[in-house]
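See below for data37.cif, which holds mmCIF, C-alpha atoms.
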```cif
data_run
loop_
_atom_site.label_atom_id
_atom_site.label_comp_id
_atom_site.auth_asym_id
_atom_site.auth_seq_id
_atom_site.Cartn_x
_atom_site.Cartn_y
_atom_site.Cartn_z
CA MET H 1 3.68 31.70 21.86
CA GLN H 2 5.09 32.90 25.14
CA ASN H 3 8.21 31.43 26.65
CA LEU H 4 7.58 27.81 27.63
CA SER H 5 9.15 26.27 30.71
CA ARG H 6 9.65 22.64 31.67
CA ARG H 7 7.21 23.31 34.51
CA SER H 8 4.46 24.36 32.09
CA ILE H 9 5.08 21.23 29.98
CA LEU H 10 4.80 18.98 33.05
CA THR H 11 1.66 20.84 34.11
CA LEU H 12 0.17 20.19 30.68
CA GLY H 13 1.04 16.51 30.96
CA ALA H 14 -0.54 16.31 34.40
CA ALA H 15 -3.67 18.04 33.13
CA LEU H 16 -4.00 15.44 30.40
CA GLY H 17 -3.36 12.62 32.86
CA LEU H 18 -0.31 11.45 30.93
CA VAL H 19 2.73 11.98 33.12
CA ALA H 20 2.28 8.78 35.08
CA THR H 21 1.86 6.71 31.91
CA THR H 22 4.96 7.93 30.11
CA GLU H 23 7.89 5.50 30.32
CA ALA H 24 11.06 6.70 32.00
CA PRO H 25 13.95 7.10 29.56
CA LYS H 26 16.54 4.35 29.78
CA ALA H 27 20.26 4.89 30.13
CA TRP H 28 21.81 4.08 26.76
CA ALA H 29 22.94 0.46 26.71
CA TRP H 30 22.47 -0.54 23.07
CA SER H 31 25.58 -2.31 21.82
CA SER H 32 27.02 -1.60 18.39
CA ALA H 33 27.29 -5.37 18.00
CA GLY H 34 23.80 -4.96 16.56
CA SER H 35 24.95 -2.28 14.13
CA ILE H 36 26.33 -2.54 10.61
CA ALA H 37 29.76 -1.78 12.12
CA ALA H 38 29.44 -4.81 14.46
CA THR H 39 32.03 -3.39 16.86
CA ASP H 40 30.40 -4.33 20.20
CA THR H 41 30.79 -0.99 21.97
CA VAL H 42 28.31 1.18 23.87
CA THR H 43 28.40 4.88 22.97
CA ASP H 44 25.70 7.40 23.82
CA PRO H 45 24.46 8.88 20.51
CA TRP H 46 23.25 12.04 22.26
CA ASP H 47 26.88 12.97 22.77
CA VAL H 48 27.67 12.63 19.06
CA TRP H 49 26.95 15.32 16.48
CA ASP H 50 28.67 15.81 13.11
CA ASP H 51 32.33 16.75 13.43
CA ALA H 52 32.84 16.65 9.67
CA THR H 53 30.06 19.14 8.90
CA ASP H 54 29.41 21.39 11.89
CA PRO H 55 32.60 23.54 11.85
CA LEU H 56 32.29 24.03 8.09
CA VAL H 57 28.70 25.26 8.19
CA ALA H 58 29.35 27.43 11.24
CA SER H 59 32.14 29.18 9.35
CA LEU H 60 29.90 29.68 6.31
CA LEU H 61 27.16 31.17 8.48
CA ASP H 62 29.55 33.44 10.34
CA GLY H 63 30.99 34.56 7.01
CA ASN H 64 27.53 35.30 5.55
CA GLN H 65 28.19 32.85 2.71
CA ILE H 66 25.02 30.75 3.03
CA PRO H 67 22.76 32.92 0.78
CA ALA H 68 25.23 32.47 -2.10
CA VAL H 69 25.44 28.74 -1.36
CA ASN H 70 21.66 28.42 -1.50
CA THR H 71 21.60 30.21 -4.84
CA ALA H 72 24.29 27.93 -6.24
CA PHE H 73 22.44 24.88 -4.93
CA LEU H 74 19.36 25.67 -7.04
CA SER H 75 21.04 24.07 -10.07
CA TRP H 76 22.22 21.05 -8.09
CA VAL H 77 19.32 18.55 -8.10
CA ASN H 78 20.22 15.17 -9.60
CA ASN H 79 22.71 12.80 -8.00
CA GLY H 80 24.69 12.78 -11.24
CA ASP H 81 24.88 16.57 -11.53
CA PRO H 82 28.32 18.13 -11.25
CA LEU H 83 28.93 20.14 -8.11
CA PRO H 84 27.75 23.71 -8.75
CA SER H 85 30.32 26.36 -9.51
CA GLY H 86 30.74 29.31 -7.22
CA LEU H 87 30.73 27.35 -3.96
CA PRO H 88 33.27 28.19 -1.26
CA ALA H 89 36.35 26.03 -1.78
CA GLN H 90 36.02 24.30 1.59
CA LEU H 91 32.42 23.30 0.83
CA THR H 92 33.40 21.89 -2.57
CA THR H 93 36.14 19.83 -0.91
CA TYR H 94 33.66 18.57 1.69
CA LEU H 95 31.09 17.56 -0.97
CA ARG H 96 33.70 15.70 -3.00
CA THR H 97 34.19 13.51 0.07
CA TYR H 98 30.58 13.00 1.18
CA ASN H 99 28.48 13.30 -1.97
CA LYS H 100 28.48 9.56 -2.65
CA LEU H 101 27.08 6.27 -1.43
CA PRO H 102 28.95 4.37 1.29
CA SER H 103 31.20 1.53 0.14
CA TRP H 104 28.87 -1.02 1.73
CA ALA H 105 25.77 0.12 -0.20
CA ASP H 106 24.17 -2.79 -2.07
CA GLN H 107 22.65 -1.58 -5.34
CA ALA H 108 20.63 -4.79 -5.78
CA LYS H 109 18.95 -4.21 -2.41
CA LEU H 110 18.38 -0.54 -3.23
CA ASP H 111 16.75 -1.57 -6.52
CA LEU H 112 14.47 -4.01 -4.68
CA ALA H 113 13.63 -1.31 -2.14
CA ALA H 114 12.63 0.97 -5.02
CA GLN H 115 10.30 -1.70 -6.39
CA PHE H 116 8.89 -2.23 -2.91
CA ASN H 117 8.31 1.51 -2.46
CA LYS H 118 6.45 1.64 -5.76
CA ARG H 119 4.21 -1.32 -4.93
CA MET H 120 3.51 -0.10 -1.39
CA SER H 121 3.38 3.62 -2.20
CA MET H 122 -0.22 4.16 -1.16
CA TYR H 123 0.33 2.60 2.26
CA LEU H 124 3.74 4.23 2.73
CA PHE H 125 2.60 7.77 1.95
CA LEU H 126 -0.37 7.32 4.27
CA LEU H 127 1.83 6.10 7.12
CA TYR H 128 4.50 8.73 6.49
CA GLY H 129 1.93 11.51 6.44
CA LEU H 130 -0.63 10.70 9.14
CA GLY H 131 1.61 8.34 11.12
CA SER H 132 5.24 9.42 11.17
CA GLY H 133 4.55 13.08 10.40
CA ILE H 134 2.19 13.45 13.33
CA MET H 135 4.37 11.26 15.58
CA SER H 136 7.16 13.78 15.07
CA THR H 137 5.09 16.31 17.00
CA VAL H 138 5.17 14.13 20.13
CA ILE H 139 8.94 13.76 20.02
CA PRO H 140 9.61 16.66 22.43
CA ARG H 141 13.09 17.61 21.27
CA GLU H 142 12.09 17.43 17.61
CA ALA H 143 8.93 19.45 18.16
CA ARG H 144 10.83 22.18 20.02
CA ASN H 145 13.66 22.19 17.48
CA VAL H 146 11.23 22.53 14.58
CA TYR H 147 9.03 25.11 16.27
CA TRP H 148 11.83 27.50 17.25
CA SER H 149 13.87 27.10 14.05
CA GLU H 150 13.33 29.16 10.92
CA GLY H 151 11.08 26.50 9.37
CA GLY H 152 8.70 26.49 12.33
CA ALA H 153 7.26 29.83 11.30
CA GLY H 154 6.37 28.57 7.81
CA MET H 155 5.16 25.02 8.27
CA GLN H 156 3.68 24.62 4.79
CA MET H 157 7.08 25.23 3.20
CA ARG H 158 8.83 23.10 5.82
CA ALA H 159 6.34 20.30 5.20
CA ALA H 160 7.01 20.63 1.47
CA LYS H 161 10.73 20.16 2.11
CA THR H 162 10.00 17.15 4.32
CA PHE H 163 7.82 15.70 1.56
CA THR H 164 10.69 16.30 -0.87
CA TYR H 165 13.02 14.21 1.32
CA GLY H 166 10.47 11.38 1.58
CA TYR H 167 9.53 11.48 -2.08
CA ASP H 168 13.17 11.53 -3.22
CA LEU H 169 13.90 8.55 -0.95
CA SER H 170 10.93 6.62 -2.35
CA ALA H 171 11.60 7.35 -6.04
CA MET H 172 12.52 4.49 -8.37
CA ASP H 173 15.89 6.08 -9.16
CA ALA H 174 16.50 7.50 -5.67
CA PHE H 175 20.15 6.41 -5.49
CA LYS H 176 20.98 6.50 -9.19
CA PRO H 177 22.48 9.39 -11.19
CA THR H 178 19.04 10.52 -12.39
CA GLY H 179 17.58 10.49 -8.85
CA HIS H 180 17.75 13.20 -6.22
CA PHE H 181 18.22 11.50 -2.88
CA VAL H 182 22.00 11.71 -2.42
CA VAL H 183 21.90 15.43 -3.19
CA THR H 184 18.83 15.94 -1.00
CA SER H 185 20.58 14.13 1.86
CA ASN H 186 23.66 16.32 1.57
CA LYS H 187 21.54 19.47 1.65
CA THR H 188 19.64 18.11 4.65
CA ARG H 189 22.87 17.24 6.46
CA LEU H 190 24.15 20.78 5.91
CA THR H 191 20.82 22.17 7.10
CA HIS H 192 21.07 20.13 10.31
CA ALA H 193 24.54 21.59 10.91
CA ALA H 194 23.15 25.11 10.43
CA VAL H 195 20.36 24.45 12.94
CA ARG H 196 22.93 23.14 15.44
CA HIS H 197 24.77 26.45 15.12
CA LEU H 198 21.72 28.71 15.12
CA LEU H 199 19.24 27.30 17.65
CA PRO H 200 21.52 27.71 20.70
CA GLN H 201 21.37 31.44 19.92
CA SER H 202 17.59 31.45 20.54
CA ALA H 203 16.62 32.44 24.09
CA GLN H 204 13.16 30.89 23.65
CA TRP H 205 14.62 27.55 22.53
CA ARG H 206 17.16 27.55 25.37
CA ALA H 207 14.30 28.10 27.85
CA VAL H 208 12.56 24.86 26.89
CA THR H 209 15.29 22.50 25.70
CA ASP H 210 17.00 19.84 27.76
CA ASN H 211 20.02 19.56 25.46
CA PRO H 212 22.52 22.33 24.67
CA ILE H 213 23.04 21.34 21.02
CA PRO H 214 20.19 20.03 18.82
CA ILE H 215 20.08 17.20 16.26
CA SER H 216 22.61 14.76 17.66
CA ASN H 217 23.02 11.29 16.17
CA GLY H 218 20.50 10.21 18.80
CA ASP H 219 17.93 12.71 17.54
CA ILE H 220 18.36 11.50 13.96
CA LEU H 221 17.92 7.92 15.17
CA ILE H 222 14.63 8.93 16.81
CA THR H 223 13.47 10.28 13.45
CA PHE H 224 14.50 7.03 11.75
CA HIS H 225 12.53 4.96 14.23
CA SER H 226 9.48 7.21 13.87
CA LEU H 227 9.70 6.59 10.12
CA GLY H 228 11.39 3.35 9.08
CA THR H 229 10.92 1.22 12.19
CA TYR H 230 7.38 2.47 12.80
CA VAL H 231 6.30 1.92 9.20
CA HIS H 232 7.87 -1.55 9.07
CA ARG H 233 6.03 -2.43 12.28
CA LYS H 234 2.68 -1.24 10.86
CA LEU H 235 3.19 -3.16 7.63
CA LEU H 236 3.90 -6.31 9.65
CA GLU H 237 0.72 -5.65 11.61
CA TRP H 238 -1.28 -5.22 8.39
CA ARG H 239 -0.12 -8.62 7.17
CA SER H 240 -3.07 -9.90 9.18
CA PHE H 241 -5.25 -7.94 6.71
CA GLY H 242 -3.58 -9.65 3.75
CA LEU H 243 -0.73 -7.23 3.06
CA ARG H 244 2.10 -9.00 1.20
CA MET H 245 5.75 -8.35 2.15
CA SER H 246 8.61 -10.80 1.63
CA SER H 247 11.64 -11.14 3.88
CA ALA H 248 13.82 -9.93 0.98
CA GLU H 249 11.66 -6.80 0.69
CA GLU H 250 11.92 -6.22 4.43
CA ALA H 251 15.72 -6.43 4.22
CA ALA H 252 15.81 -4.12 1.21
CA TYR H 253 13.59 -1.54 2.92
CA LEU H 254 15.92 -1.57 5.93
CA HIS H 255 18.99 -1.24 3.70
CA MET H 256 17.48 1.85 2.09
CA TRP H 257 17.19 3.43 5.54
CA GLN H 258 20.70 2.30 6.51
CA VAL H 259 22.11 4.18 3.53
CA ALA H 260 19.89 7.18 4.30
CA LEU H 261 21.16 7.36 7.89
CA HIS H 262 24.77 7.18 6.72
CA LEU H 263 24.20 10.01 4.24
CA LEU H 264 22.79 12.16 7.06
CA GLY H 265 25.99 11.74 9.06
CA VAL H 266 24.93 9.02 11.51
CA ARG H 267 27.89 6.87 12.52
CA ASP H 268 27.82 3.30 11.25
CA ASP H 269 28.08 1.94 14.81
CA PHE H 270 24.63 3.42 15.51
CA ILE H 271 22.92 2.08 12.36
CA PRO H 272 20.96 -1.13 13.11
CA ALA H 273 21.99 -4.17 11.09
CA SER H 274 18.58 -5.88 11.31
CA TRP H 275 14.98 -5.06 12.09
CA ALA H 276 15.35 -6.96 15.37
CA ALA H 277 18.27 -4.67 16.29
CA ALA H 278 16.24 -1.65 15.21
CA GLU H 279 13.34 -2.68 17.44
CA GLU H 280 15.72 -3.14 20.36
CA GLN H 281 17.30 0.26 19.75
CA SER H 282 13.90 1.95 19.51
CA LYS H 283 13.27 0.98 23.14
CA TYR H 284 15.98 3.50 24.02
CA VAL H 285 15.47 6.23 21.44
CA LEU H 286 11.76 6.36 20.64
CA THR H 287 9.15 4.75 22.87
CA PRO H 288 10.25 6.21 26.23
CA LEU H 289 10.94 9.66 24.79
CA LEU H 290 7.51 10.45 23.36
CA GLY H 291 5.29 12.99 25.07
CA PRO H 292 3.24 16.17 24.64
CA THR H 293 4.63 19.70 24.44
CA PRO H 294 2.82 22.97 23.67
CA GLU H 295 4.98 23.31 20.57
CA GLY H 296 4.07 19.80 19.39
CA ILE H 297 0.34 20.35 19.87
CA ASP H 298 0.56 23.54 17.81
CA LEU H 299 2.60 21.86 15.07
CA ALA H 300 0.27 18.85 14.87
CA ASN H 301 -2.70 21.15 14.37
CA ILE H 302 -0.86 22.99 11.58
CA LEU H 303 0.15 19.75 9.84
CA LEU H 304 -3.33 18.25 10.06
CA ASN H 305 -4.85 21.45 8.71
CA LEU H 306 -2.35 21.29 5.83
CA THR H 307 -3.49 17.80 4.88
CA SER H 308 -7.11 18.93 5.31
CA SER H 309 -6.50 21.60 2.67
CA VAL H 310 -6.14 18.82 0.08
CA ASP H 311 -9.32 17.08 -1.06
CA LEU H 312 -9.00 13.72 0.67
CA GLY H 313 -12.70 13.00 0.29
CA VAL H 314 -13.13 12.75 4.06
CA THR H 315 -14.02 15.00 6.97
CA LYS H 316 -11.49 16.43 9.38
CA GLY H 317 -12.93 14.07 11.97
CA PHE H 318 -12.20 11.03 9.80
CA GLN H 319 -8.68 12.25 9.10
CA ARG H 320 -7.89 12.82 12.78
CA GLU H 321 -9.42 9.47 13.74
CA PHE H 322 -7.20 7.77 11.16
CA SER H 323 -4.19 9.41 12.80
CA ARG H 324 -5.37 8.00 16.11
CA TYR H 325 -5.90 4.60 14.47
CA VAL H 326 -2.36 4.33 13.09
CA LEU H 327 -0.64 5.94 16.09
CA SER H 328 -2.76 5.24 19.20
CA ASP H 329 -5.41 7.02 21.21
CA LYS H 330 -2.74 7.86 23.76
CA ILE H 331 -0.92 10.01 21.23
CA GLY H 332 -4.24 11.38 19.95
CA ASN H 333 -5.09 12.48 23.48
CA TRP H 334 -1.67 14.06 23.91
CA LEU H 335 -2.33 16.14 20.79
CA GLN H 336 -5.92 16.90 21.84
CA LEU H 337 -7.33 15.51 18.60
CA PRO H 338 -11.15 15.67 18.73
CA ARG H 339 -13.03 12.39 18.62
CA ASP H 340 -15.32 11.19 15.82
CA TYR H 341 -16.61 7.80 16.94
CA VAL H 342 -18.68 7.20 13.81
CA SER H 343 -15.57 7.57 11.66
CA ARG H 344 -13.57 5.38 14.03
CA SER H 345 -16.08 2.55 13.71
CA LEU H 346 -15.93 2.81 9.92
CA ILE H 347 -12.10 2.77 9.98
CA GLU H 348 -11.79 -0.21 12.30
CA VAL H 349 -14.15 -2.30 10.18
CA GLY H 350 -13.45 -0.87 6.75
CA TRP H 351 -9.66 -0.52 6.66
CA PRO H 352 -8.83 -4.23 7.06
CA ALA H 353 -11.45 -5.05 4.41
CA TYR H 354 -10.03 -2.37 2.12
CA VAL H 355 -6.49 -3.77 2.39
CA LEU H 356 -7.76 -7.30 1.81
CA PHE H 357 -9.56 -6.19 -1.36
CA ARG H 358 -6.65 -4.08 -2.67
CA GLU H 359 -4.30 -7.02 -2.20
CA GLY H 360 -6.55 -9.17 -4.37
CA LEU H 361 -7.47 -11.51 -1.54
CA SER H 362 -11.18 -10.71 -1.42
CA PRO H 363 -13.62 -10.42 -4.35
CA ILE H 364 -16.00 -8.36 -2.24
CA VAL H 365 -15.81 -4.60 -2.64
CA PRO H 366 -15.87 -3.40 0.99
CA GLU H 367 -18.29 -0.81 2.26
CA GLY H 368 -16.63 2.58 2.10
CA PHE H 369 -14.14 1.46 -0.58
CA SER H 370 -14.39 4.70 -2.57
CA LEU H 371 -13.95 6.72 0.63
CA PHE H 372 -10.75 4.92 1.63
CA ASP H 373 -9.49 4.96 -1.96
CA GLN H 374 -9.90 8.71 -2.37
CA PHE H 375 -8.43 9.24 1.08
CA ILE H 376 -5.17 7.40 0.46
CA ARG H 377 -4.89 8.72 -3.11
CA GLY H 378 -5.26 12.23 -1.73
CA MET H 379 -2.50 11.58 0.80
CA ALA H 380 -0.29 10.20 -1.96
CA MET H 381 -0.90 13.26 -4.13
CA LEU H 382 -0.02 15.52 -1.23
CA PHE H 383 3.28 13.66 -1.04
CA LEU H 384 3.82 13.61 -4.80
CA ASN H 385 3.10 17.33 -5.01
CA ASN H 386 5.54 18.05 -2.18
CA GLY H 387 2.75 19.68 -0.20
CA THR H 388 2.43 22.65 -2.52
CA SER H 389 2.87 22.02 -6.22
CA THR H 390 4.30 19.61 -8.75
CA SER H 391 7.52 21.60 -8.91
CA TYR H 392 10.67 20.55 -7.10
CA THR H 393 10.88 22.12 -3.65
CA PRO H 394 14.49 23.16 -3.00
CA ILE H 395 16.00 22.46 0.40
CA THR H 396 17.74 25.62 1.57
CA ILE H 397 20.14 26.10 4.46
CA PRO H 398 18.66 28.46 7.09
CA THR H 399 20.40 31.64 8.18
CA GLY H 400 18.33 32.36 11.28
CA ASN H 401 15.78 31.02 13.75
CA ARG H 402 12.03 31.58 14.13
CA PRO H 403 11.46 35.33 13.82
CA GLY H 404 11.43 36.96 17.23
CA SER H 405 13.09 34.04 18.99
#
```
Take the structure from the file and write it as structure tokens.
Amino acid sequence: MQNLSRRSILTLGAALGLVATTEAPKAWAWSSAGSIAATDTVTDPWDVWDDATDPLVASLLDGNQIPAVNTAFLSWVNNGDPLPSGLPAQLTTYLRTYNKLPSWADQAKLDLAAQFNKRMSMYLFLLYGLGSGIMSTVIPREARNVYWSEGGAGMQMRAAKTFTYGYDLSAMDAFKPTGHFVVTSNKTRLTHAAVRHLLPQSAQWRAVTDNPIPISNGDILITFHSLGTYVHRKLLEWRSFGLRMSSAEEAAYLHMWQVALHLLGVRDDFIPASWAAAEEQSKYVLTPLLGPTPEGIDLANILLNLTSSVDLGVTKGFQREFSRYVLSDKIGNWLQLPRDYVSRSLIEVGWPAYVLFREGLSPIVPEGFSLFDQFIRGMAMLFLNNGTSTSYTPITIPTGNRPGS
């Protein structure tokens, strides 16, 4: 892809007839009174990065120590595993401080969240894959960051690592010694710090970005809202189809994400304390910031082709229409997803009936049941196989950007 300018992105938006319909970003005014810190301050998260991690990783990159760290990390998988030997002393000291749950983590809520994830796994993997995953490509900063980073040149492997994060978070023992999620979060946090050091060195990324340093606390919050808040909202919507979700399960699902955000280095005064607070925050960090970019359109096509490579029992047209169905036609148009109106009619009639039957609220097997069943089972298997195989996909810290950038 040639260098991309802001002018070309606006031209693309105008060509699609979207510029006038995109909301203007709001000046940050979300108070931390709605956060778990409950401090009642207003701080712009786009001016906050990760002071505890960034200088450390920058020094490891500059000292060419990351390849050895990645090798040592191969044996570090379970939360209860000892820290690997052979790490630089400063990294070992750092991990002794951050490789643990926050003091406010509630194990009972995390256990309930695990049960909820298991019961809702089919719906969650579908929404994570065709909803949140594709939504990420219309988050301009995220799309540009991904595209121009090292992982953007090998999207199947990057998707596998993303699946690893989601699968580890959803596992029954995610936060227990036998689970992986605390370790996976630490590796991801270190990876974010590496990208913050490396991407500003890319001339191509600098030509299209509107922020000098990537992956601020604000950017991580956008990702949370495109995952946790979005999925919670869709599950609430599907209650009208008979989906069952208790208030305790809602609170547990939020708590799981609160802990996840903390482990990624988001300050507690940015972490919403309730779903109402999360919805209010998303008005600043998600809805008005979505839009098309050439990078995002390219990435969406790659991701959708990746899911098409797995036997979902449906056509590409059905798959892309389902993405439109769970996201919106506006986003589908941004990404230039081709239309399949026959599939759309089947989805709009069949999906509510499918949920109703799966939840045991209808004795009537809906038309297209086997189609929907194979479809969501295929999406779940893509998640469970980490996008490539049944083996664990290690998260490695990058040492460069997209080749040629």
Please expand the PyMOL selection byres ((chain H and resi 171) around 9) into the concrete residues it hits in this file, giving the result as a list of chain:residue names.
H:Ala114, H:Asn117, H:Lys118, H:Gly166, H:Tyr167, H:Asp168, H:Leu169, H:Ser170, H:Met172, H:Asp173, H:Ala174, H:Phe175, H:Gly179, H:His180, H:Phe181
Could you write out the selected residues, including C-alpha atoms, as a PDB file, keeping the file's coordinate frame?
```pdb
ATOM      1  CA  ALA H 114      12.630   0.970  -5.020  1.00  0.00           C
ATOM      2  CA  ASN H 117       8.310   1.510  -2.460  1.00  0.00           C
ATOM      3  CA  LYS H 118       6.450   1.640  -5.760  1.00  0.00           C
ATOM      4  CA  GLY H 166      10.470  11.380   1.580  1.00  0.00           C
ATOM      5  CA  TYR H 167       9.530  11.480  -2.080  1.00  0.00           C
ATOM      6  CA  ASP H 168      13.170  11.530  -3.220  1.00  0.00           C
ATOM      7  CA  LEU H 169      13.900   8.550  -0.950  1.00  0.00           C
ATOM      8  CA  SER H 170      10.930   6.620  -2.350  1.00  0.00           C
ATOM      9  CA  MET H 172      12.520   4.490  -8.370  1.00  0.00           C
ATOM     10  CA  ASP H 173      15.890   6.080  -9.160  1.00  0.00           C
ATOM     11  CA  ALA H 174      16.500   7.500  -5.670  1.00  0.00           C
ATOM     12  CA  PHE H 175      20.150   6.410  -5.490  1.00  0.00           C
ATOM     13  CA  GLY H 179      17.580  10.490  -8.850  1.00  0.00           C
ATOM     14  CA  HIS H 180      17.750  13.200  -6.220  1.00  0.00           C
ATOM     15  CA  PHE H 181      18.220  11.500  -2.880  1.00  0.00           C
TER      16      PHE H 181
END
```
Which residues, written as a PyMOL selection string, have at least one atom at most 12 Å from Asn99 of chain H, with only C-alpha atoms counted and residues fewer than 2 positions away on the same chain left out?
chain H and resi 76+78-83+91-97+101-102+175+177+180-187+189-190+262-265
Using atom CA of Gly228 of chain H and atom CA of Arg339 of chain H as the two end points, give the distance in Å to one decimal.
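These two atoms are separated by 27.7 Å.
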Shell around Leu74 of chain H at 10 Å using all atoms listed in the file, local window under 2 positions removed, as a ChimeraX atom specification
/H:69-72,76-77,84,393-396
Deliver the residues from the most recent selection as a file, using C-alpha atoms, as a CSV table (one decimal), in the frame of the given file.
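Written out: selection_32.csv:
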```
chain,number,residue,atom,x,y,z
H,69,VAL,CA,25.4,28.7,-1.4
H,70,ASN,CA,21.7,28.4,-1.5
H,71,THR,CA,21.6,30.2,-4.8
H,72,ALA,CA,24.3,27.9,-6.2
H,76,TRP,CA,22.2,21.0,-8.1
H,77,VAL,CA,19.3,18.6,-8.1
H,84,PRO,CA,27.8,23.7,-8.8
H,393,THR,CA,10.9,22.1,-3.6
H,394,PRO,CA,14.5,23.2,-3.0
H,395,ILE,CA,16.0,22.5,0.4
H,396,THR,CA,17.7,25.6,1.6
```
Who sits within 7 Å of Leu290 of chain H, all atoms listed in the file, same chain under 4 positions skipped, as a ChimeraX atom specification
/H:138-140,286
Ground truth for the PyMOL selection byres ((chain H and resi 131) around 10), written as a compact mmCIF listing (two decimals) with C-alpha atoms, in the frame of the given file:
```
# COMPACT_ATOMS: atom_id res chain seq x y z
CA LEU H 124 3.74 4.23 2.73
CA PHE H 125 2.60 7.77 1.95
CA LEU H 126 -0.37 7.32 4.27
CA LEU H 127 1.83 6.10 7.12
CA TYR H 128 4.50 8.73 6.49
CA GLY H 129 1.93 11.51 6.44
CA LEU H 130 -0.63 10.70 9.14
CA SER H 132 5.24 9.42 11.17
CA GLY H 133 4.55 13.08 10.40
CA ILE H 134 2.19 13.45 13.33
CA MET H 135 4.37 11.26 15.58
CA SER H 136 7.16 13.78 15.07
CA SER H 226 9.48 7.21 13.87
CA LEU H 227 9.70 6.59 10.12
CA TYR H 230 7.38 2.47 12.80
CA VAL H 231 6.30 1.92 9.20
CA LYS H 234 2.68 -1.24 10.86
CA PHE H 322 -7.20 7.77 11.16
CA SER H 323 -4.19 9.41 12.80
CA ARG H 324 -5.37 8.00 16.11
CA TYR H 325 -5.90 4.60 14.47
CA VAL H 326 -2.36 4.33 13.09
CA LEU H 327 -0.64 5.94 16.09
CA SER H 328 -2.76 5.24 19.20
```
Work out how far atom CA of Ala33 of chain H is from atom CA of Ser246 of chain H, in Å to one decimal.
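Pair atom CA of Ser246 of chain H / atom CA of Ala33 of chain H returns 25.4 Å.
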Pick out the closest residue to Trp257 of chain H from this set: H:Pro403, H:Ala105, H:Ser75, H:Lys161. Count only C-alpha atoms.
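The shortest atom-to-atom distance to Trp257 of chain H comes from H:Ala105.
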Expressed in Å to a single decimal, how great is the separation between atom CA of Ala251 of chain H and atom CA of Thr287 of chain H?
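Between atom CA of Ala251 of chain H and atom CA of Thr287 of chain H the gap is 22.7 Å.
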Assuming the chain letters and numbering stay as they are in my file, what does the PyMOL selection byres ((chain H and resi 40-51) around 10) actually select? List them as a VMD selection string.
chain H and resid 27 to 35 37 to 39 52 to 56 189 to 190 192 to 193 196 211 213 to 221 264 to 267 269 to 270 285
Tell me, as JSON, numbers by chain, which residues lie within 7 Å of segment 120-123 of chain H, counting only C-alpha atoms; anything in the same chain fewer than 4 positions away does not count.
{"H": [116, 127, 376, 377, 380]}
Using all atoms listed in the file, which protein or nucleic acid residues come within 9 Å of segment 147-155 of chain H? Drop anything in the same chain fewer than 2 positions from it, and give the result as a PyMOL selection string.
chain H and resi 142-145+157-160+195+198-199+202+204-205+295-296+298-299+302-303+306+398-403+405
Would you please work out which residue, of H:Met379, H:Ile397, H:Leu289, H:Ala207, is nearest to Lys26 of chain H when using all atoms listed in the file?
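The answer is H:Leu289, which sits nearest to Lys26 of chain H.
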Which residue of H:Ala108, H:Ile222, H:Ala353, H:Ala300 approaches Pro288 of chain H most closely, using all atoms listed in the file:
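For Pro288 of chain H, the nearest of the candidates is H:Ile222.
Closest approach to Gln319 of chain H among H:Val349, H:Leu337, H:Leu110, H:Ile364: H:Leu337, based on all atoms listed in the file.
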Closest of H:Ser345, H:Gln65, H:Pro363, H:Phe375 to Ser308 of chain H - atom-to-atom distances counting only C-alpha atoms:
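Checking each candidate against Ser308 of chain H, we get H:Phe375 as the closest.
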